[in-house]
$ cat input-v3.txt   # compact mmCIF, C-alpha atoms
# COMPACT_ATOMS: atom_id res chain seq x y z
CA MET A 30 -138.82 61.26 52.09
CA LYS A 31 -138.55 64.98 51.41
CA THR A 32 -135.34 66.99 51.45
CA LEU A 33 -135.61 70.74 51.95
CA TYR A 34 -133.08 73.10 50.37
CA PHE A 35 -133.03 76.88 50.14
CA ILE A 36 -132.51 79.57 47.52
CA ALA A 37 -131.39 83.05 48.53
CA GLY A 38 -129.19 85.83 47.20
CA LEU A 39 -129.07 89.36 45.93
CA PRO A 40 -132.11 90.98 44.27
CA ARG A 41 -132.38 90.74 40.47
CA SER A 42 -129.71 88.02 40.43
CA GLY A 43 -131.75 85.18 38.93
CA THR A 44 -133.32 83.46 41.95
CA SER A 45 -136.76 83.22 40.30
CA VAL A 46 -135.32 82.19 36.92
CA ILE A 47 -133.22 79.42 38.46
CA ALA A 48 -136.09 78.23 40.66
CA ASN A 49 -138.30 77.92 37.57
CA ILE A 50 -135.54 76.04 35.74
CA LEU A 51 -135.21 73.57 38.62
CA LYS A 52 -138.99 73.08 38.59
CA GLN A 53 -138.70 71.54 35.13
CA ASN A 54 -137.30 68.46 36.85
CA PRO A 55 -140.30 66.28 37.86
CA GLU A 56 -138.49 65.34 41.07
CA VAL A 57 -138.13 68.97 42.20
CA HIS A 58 -140.57 71.42 43.75
CA ALA A 59 -139.37 75.02 43.88
CA GLU A 60 -141.30 77.74 45.68
CA VAL A 61 -140.45 80.83 43.62
CA ASN A 62 -141.78 83.50 45.98
CA SER A 63 -142.12 81.82 49.35
CA SER A 64 -143.54 83.28 52.55
CA LEU A 65 -142.10 80.51 54.74
CA SER A 66 -139.02 82.42 55.90
CA ASN A 67 -141.12 85.43 56.93
CA LEU A 68 -143.53 83.21 58.86
CA PHE A 69 -140.63 81.34 60.46
CA HIS A 70 -138.70 84.45 61.48
CA THR A 71 -141.79 86.31 62.72
CA LEU A 72 -142.74 83.40 64.96
CA TYR A 73 -139.16 83.12 66.22
CA LEU A 74 -138.94 86.84 67.04
CA ASN A 75 -142.32 87.02 68.77
CA TRP A 76 -142.25 83.75 70.69
CA ASP A 77 -140.83 85.16 73.92
CA TYR A 78 -143.19 88.15 73.83
CA ILE A 79 -146.25 85.91 73.89
CA LYS A 80 -144.76 83.85 76.76
CA ALA A 81 -145.44 80.52 75.12
CA GLY A 82 -142.63 78.65 76.83
CA SER A 83 -139.16 78.28 75.37
CA SER A 84 -139.11 74.46 75.59
CA LYS A 85 -141.70 74.24 72.81
CA LYS A 86 -140.15 76.85 70.55
CA SER A 87 -137.98 74.58 68.40
CA ARG A 88 -140.72 71.97 68.06
CA VAL A 89 -143.31 74.49 66.88
CA LEU A 90 -140.88 76.08 64.42
CA LYS A 91 -140.06 72.63 63.03
CA SER A 92 -143.76 71.84 62.65
CA LEU A 93 -144.21 75.10 60.74
CA ILE A 94 -141.62 74.04 58.17
CA ASP A 95 -143.02 70.51 57.93
CA GLY A 96 -146.59 71.76 57.63
CA PHE A 97 -145.76 74.31 54.94
CA TYR A 98 -144.76 71.51 52.56
CA PHE A 99 -147.01 68.78 53.96
CA ASP A 100 -148.92 68.30 50.70
CA THR A 101 -145.85 68.50 48.45
CA GLU A 102 -145.15 65.04 47.10
CA LYS A 103 -141.90 65.69 45.24
CA PRO A 104 -138.75 64.52 47.09
CA PHE A 105 -136.61 67.64 46.56
CA ILE A 106 -137.92 71.04 47.69
CA PHE A 107 -136.31 74.43 47.17
CA ASP A 108 -137.69 77.36 49.17
CA ASN A 109 -136.78 80.74 47.71
CA SER A 110 -136.32 83.76 50.00
CA SER A 111 -133.43 86.16 50.58
CA ASN A 112 -134.03 85.93 54.35
CA TRP A 113 -132.62 82.43 54.75
CA VAL A 114 -128.98 83.54 54.65
CA SER A 115 -129.47 85.77 57.70
CA ILE A 116 -130.98 83.02 59.88
CA ILE A 117 -128.83 79.98 59.07
CA PRO A 118 -127.94 79.16 62.72
CA ILE A 119 -131.59 79.39 63.80
CA VAL A 120 -132.80 77.10 61.00
CA GLU A 121 -130.04 74.58 61.69
CA ALA A 122 -130.87 74.56 65.40
CA VAL A 123 -134.50 73.80 64.56
CA LEU A 124 -133.79 71.16 61.89
CA GLN A 125 -130.87 69.69 63.87
CA GLN A 126 -128.70 69.45 60.76
CA LYS A 127 -126.63 71.52 58.38
CA ILE A 128 -128.61 73.14 55.59
CA LYS A 129 -127.68 73.90 51.98
CA ILE A 130 -128.43 77.21 50.27
CA LEU A 131 -128.13 78.20 46.63
CA VAL A 132 -126.97 81.82 46.77
CA CYS A 133 -127.52 83.84 43.58
CA VAL A 134 -125.16 86.79 43.13
CA ARG A 135 -124.46 89.45 40.53
CA ASN A 136 -122.22 92.47 40.11
CA PRO A 137 -123.88 95.26 42.18
CA ALA A 138 -123.51 97.69 39.27
CA GLU A 139 -125.42 95.24 37.05
CA ILE A 140 -128.16 94.91 39.66
CA LEU A 141 -128.61 98.67 39.90
CA SER A 142 -128.59 98.92 36.12
CA SER A 143 -131.26 96.24 35.98
CA TYR A 144 -133.49 98.34 38.25
CA GLU A 145 -132.91 101.37 36.03
CA LYS A 146 -133.60 99.38 32.86
CA ALA A 147 -136.88 98.10 34.30
CA ARG A 148 -137.83 101.65 35.24
CA LYS A 149 -136.98 102.96 31.77
CA ASP A 150 -138.79 100.13 29.98
CA ASN A 151 -141.92 100.53 32.14
CA PRO A 152 -142.21 104.23 33.08
CA LEU A 153 -145.80 103.86 34.32
CA ILE A 154 -144.83 101.22 36.88
CA MET A 155 -143.38 102.56 40.13
CA LEU A 156 -140.52 100.48 41.48
CA GLU A 157 -139.60 100.35 45.16
CA ALA A 158 -137.29 103.39 45.04
CA ASP A 159 -139.99 105.48 43.37
CA GLN A 160 -142.50 104.45 46.02
CA LYS A 161 -140.13 105.32 48.86
CA LEU A 162 -138.39 108.39 47.43
CA GLY A 163 -140.88 109.71 44.88
CA PRO A 164 -140.87 109.38 41.07
CA SER A 165 -138.69 112.47 40.52
CA THR A 166 -135.62 111.22 42.36
CA SER A 167 -132.19 110.93 40.68
CA VAL A 168 -130.34 107.86 39.43
CA ALA A 169 -127.80 108.37 42.22
CA GLY A 170 -130.55 108.63 44.83
CA ARG A 171 -132.21 105.45 43.65
CA ALA A 172 -128.87 103.62 43.57
CA PHE A 173 -128.12 104.65 47.15
CA HIS A 174 -131.60 103.54 48.23
CA TYR A 175 -131.11 100.04 46.80
CA ALA A 176 -127.45 99.66 47.80
CA GLY A 177 -127.63 101.46 51.14
CA PRO A 178 -127.40 99.63 54.49
CA GLU A 179 -131.15 99.00 54.69
CA GLY A 180 -131.83 98.70 50.96
CA PRO A 181 -132.68 95.36 49.33
CA LEU A 182 -129.24 95.09 47.72
CA GLY A 183 -127.22 96.48 50.60
CA SER A 184 -128.88 94.39 53.31
CA CYS A 185 -128.67 91.13 51.33
CA HIS A 186 -125.04 91.83 50.43
CA ARG A 187 -124.24 92.38 54.12
CA ASN A 188 -126.11 89.24 55.24
CA ILE A 189 -124.14 87.05 52.84
CA GLN A 190 -120.84 88.50 54.08
CA ASP A 191 -121.94 87.97 57.69
CA ALA A 192 -122.83 84.34 57.01
CA ILE A 193 -119.34 83.74 55.60
CA THR A 194 -117.71 85.48 58.58
CA MET A 195 -119.76 83.30 60.95
CA GLY A 196 -118.39 80.14 59.31
CA TYR A 197 -121.27 79.05 57.07
CA LEU A 198 -119.46 79.20 53.72
CA ASP A 199 -119.68 75.42 53.29
CA ARG A 200 -123.49 75.64 53.35
CA MET A 201 -123.62 77.97 50.36
CA LEU A 202 -123.26 77.46 46.62
CA PHE A 203 -122.68 80.75 44.80
CA ILE A 204 -124.17 81.09 41.33
CA ASP A 205 -123.35 84.25 39.41
CA TYR A 206 -126.27 85.27 37.20
CA SER A 207 -124.15 86.48 34.28
CA ARG A 208 -122.10 83.28 34.28
CA PHE A 209 -125.26 81.23 34.51
CA CYS A 210 -126.74 82.92 31.45
CA GLY A 211 -123.44 82.53 29.60
CA ASN A 212 -123.19 78.78 30.24
CA PRO A 213 -126.35 77.51 31.97
CA LYS A 214 -125.56 73.83 31.47
CA SER A 215 -122.26 73.93 33.36
CA GLN A 216 -123.73 76.11 36.12
CA THR A 217 -126.73 73.82 36.47
CA LYS A 218 -124.34 70.88 36.83
CA ARG A 219 -122.72 72.70 39.76
CA ILE A 220 -126.16 72.98 41.35
CA TYR A 221 -126.95 69.31 40.75
CA ASP A 222 -123.60 68.18 42.14
CA PHE A 223 -123.90 70.36 45.26
CA PHE A 224 -127.46 69.31 46.11
CA GLY A 225 -127.31 65.74 44.82
CA LEU A 226 -130.26 66.03 42.46
CA PRO A 227 -131.29 63.30 39.99
CA GLU A 228 -130.19 63.94 36.41
CA PHE A 229 -132.49 65.88 34.11
CA THR A 230 -132.08 67.72 30.81
CA HIS A 231 -133.35 71.29 31.13
CA ASP A 232 -134.73 73.65 28.50
CA TYR A 233 -133.09 77.06 28.82
CA THR A 234 -134.94 78.52 25.83
CA ASN A 235 -138.44 78.21 27.30
CA ILE A 236 -138.39 79.01 31.00
CA VAL A 237 -141.97 79.43 32.18
CA GLY A 238 -142.99 80.79 35.56
CA ASP A 239 -145.32 83.06 37.48
CA ASN A 240 -145.05 86.75 36.56
CA MET A 241 -142.27 86.12 34.02
CA GLY A 242 -144.01 84.66 30.97
CA SER A 243 -141.68 82.57 28.82
CA ARG A 244 -137.99 83.44 28.87
CA ASN A 245 -134.89 82.40 26.95
CA ILE A 246 -131.60 83.01 28.79
CA LEU A 247 -129.25 81.45 26.26
CA GLY A 248 -126.82 84.00 24.89
CA LYS A 249 -128.02 86.71 27.26
CA THR A 250 -125.41 89.45 27.34
CA THR A 251 -124.22 91.49 30.29
CA ILE A 252 -126.20 94.69 30.77
CA ASN A 253 -124.49 97.94 29.74
CA CYS A 254 -124.09 99.54 33.16
CA VAL A 255 -122.65 102.84 31.94
CA GLU A 256 -125.73 103.36 29.76
CA TYR A 257 -128.02 103.23 32.80
CA LEU A 258 -125.79 104.50 35.63
CA GLY A 259 -123.23 106.73 34.00
CA LEU A 260 -119.50 106.24 34.39
CA ASP A 261 -119.13 107.71 37.90
CA LEU A 262 -121.87 105.58 39.46
CA TYR A 263 -120.66 102.53 37.58
CA ASP A 264 -117.17 102.99 39.03
CA GLN A 265 -118.67 103.48 42.49
CA TYR A 266 -120.73 100.27 42.50
CA ASN A 267 -118.56 98.02 40.33
CA ARG A 268 -116.93 96.56 43.43
CA GLU A 269 -117.59 94.47 46.55
CA ILE A 270 -117.69 91.31 44.44
CA PHE A 271 -116.26 89.15 47.23
CA TRP A 272 -117.68 85.86 45.92
CA ASN A 273 -115.44 85.52 42.84
CA ALA A 274 -113.28 82.90 44.56
CA TRP A 275 -116.29 80.57 44.91
CA ILE A 276 -118.01 80.82 41.52

$ encode --input "input-v3.txt" --output "structure tokens"
Amino acid sequence: MKTLYFIAGLPRSGTSVIANILKQNPEVHAEVNSSLSNLFHTLYLNWDYIKAGSSKKSRVLKSLIDGFYFDTEKPFIFDNSSNWVSIIPIVEAVLQQKIKILVCVRNPAEILSSYEKARKDNPLIMLEADQKLGPSTSVAGRAFHYAGPEGPLGSCHRNIQDAITMGYLDRMLFIDYSRFCGNPKSQTKRIYDFFGLPEFTHDYTNIVGDNMGSRNILGKTTINCVEYLGLDLYDQYNREIFWNAWI
């Protein structure tokens, strides 16, 4: 029997790292960069336009989820996509049960600093803000792009708040990336307790995964936000950390 769980959260908040850590457990399959939520939501949104009949909608959406992991033999599956938080009621209506989501979070100022650090460390690689705004934009312009209403940080931040307002807090386990790096064993125990996973001893010094090489998160320090954002932008974005009560 397979049990499907979900990973979502803010960008650059450790979703891929944690998914690859969970994959070390031989009982766990974790899809690090999954397309399932996009397929699911696209079909949901377009169903009525193609006049396929509403009575079959839930059944077809359920078969999409089942078929996506048909050949996965491991009993515990984690599907990783930020979209899941925004469609909790739809997924629960299709699966006919409450779902559980691991929600990775991080101080917004740290997230923006992480984007700037990646840009500084790899000046020949254009990140999303450079592609949308041009490579000569300012730090403030890039920060507003990411944290704005339609930016990857701003939209995910809003979707998590909306899910809480709608009454889905009990479905979510918040994991703060900085706390996880500071004490990964205790934070992993929270994950195992919430999802009921079988015990396993993880290696946090050799985390291997697609597009990330080998990584060691033990002793990782908090990024120096003022160095990358400046004091004014740091003060502006060092807020809206509404999840502190649940981490």

$ atom_distance --input "input-v3.txt" --atom1 "atom CA of A:Gly38" --atom2 "atom CA of A:Asn136"
12.0 Å

$ closest_residue --input "input-v3.txt" --among "A:Tyr266, A:Phe271, A:Tyr197, A:Tyr233" --to "A:Gly211" --atoms "only C-alpha atoms"
A:Tyr233

$ axis_aligned_box --input "input-v3.txt" --around "stretch 211-230 of chain A" --padding-each-side "4 Å" --output "AutoDock Vina command-line options"
--center_x -127.4 --center_y 72.9 --center_z 37.9 --size_x 18.2 --size_y 27.2 --size_z 24.5

$ atom_distance --input "input-v3.txt" --atom1 "atom CA of A:Leu33" --atom2 "atom CA of A:Phe107"
6.1 Å

$ closest_residue --input "input-v3.txt" --among "A:Phe173, A:Phe35, A:Tyr206, A:Tyr263" --to "A:Trp113" --atoms "all atoms listed in the file"
A:Phe35

$ residues_around --input "input-v3.txt" --residues "A:Lys218" --least-positions-apart "3" --cutoff "12 Å" --atoms "only C-alpha atoms" --output "ChimeraX atom specification"
/A:51,202,204,209,212-215,221-231

$ atom_distance --input "input-v3.txt" --atom1 "atom CA of A:Gln126" --atom2 "atom CA of A:Ala192"
16.4 Å

$ residues_around --input "input-v3.txt" --residues "stretch 92-95 of chain A" --least-positions-apart "3" --cutoff "9 Å" --atoms "only C-alpha atoms" --output "PyMOL selection string"
chain A and resi 65+68-69+87-89+98-99

$ residues_near_point --input "input-v3.txt" --point "(-134.7, 100.5, 30.1)" --cutoff "12 Å" --atoms "all atoms listed in the file" --output "list in words"
Leu141, Ser142, Ser143, Tyr144, Glu145, Lys146, Ala147, Arg148, Lys149, Asp150, Asn151, Pro152, Ile252, Asn253, Cys254, Glu256, Tyr257 and Leu258 of chain A

$ closest_residue --input "input-v3.txt" --among "A:His174, A:His70, A:Lys86, A:His58" --to "A:Asn109" --atoms "only C-alpha atoms"
A:His58

$ closest_residue --input "input-v3.txt" --among "A:Leu124, A:Val114, A:Leu74, A:Leu156" --to "A:His186" --atoms "all atoms listed in the file"
A:Val114

$ closest_residue --input "input-v3.txt" --among "A:Ser207, A:Thr71, A:Ser66, A:Ser165" --to "A:Val120" --atoms "all atoms listed in the file"
A:Ser66

$ closest_residue --input "input-v3.txt" --among "A:Ile140, A:Met201, A:Ile220, A:Ala122" --to "A:Asn267" --atoms "all atoms listed in the file"
A:Ile140

$ residues_around --input "input-v3.txt" --residues "A:Ile50" --least-positions-apart "6" --cutoff "10 Å" --atoms "all atoms listed in the file" --output "PyMOL selection string"
chain A and resi 44+57+59+217+231-233+235-238
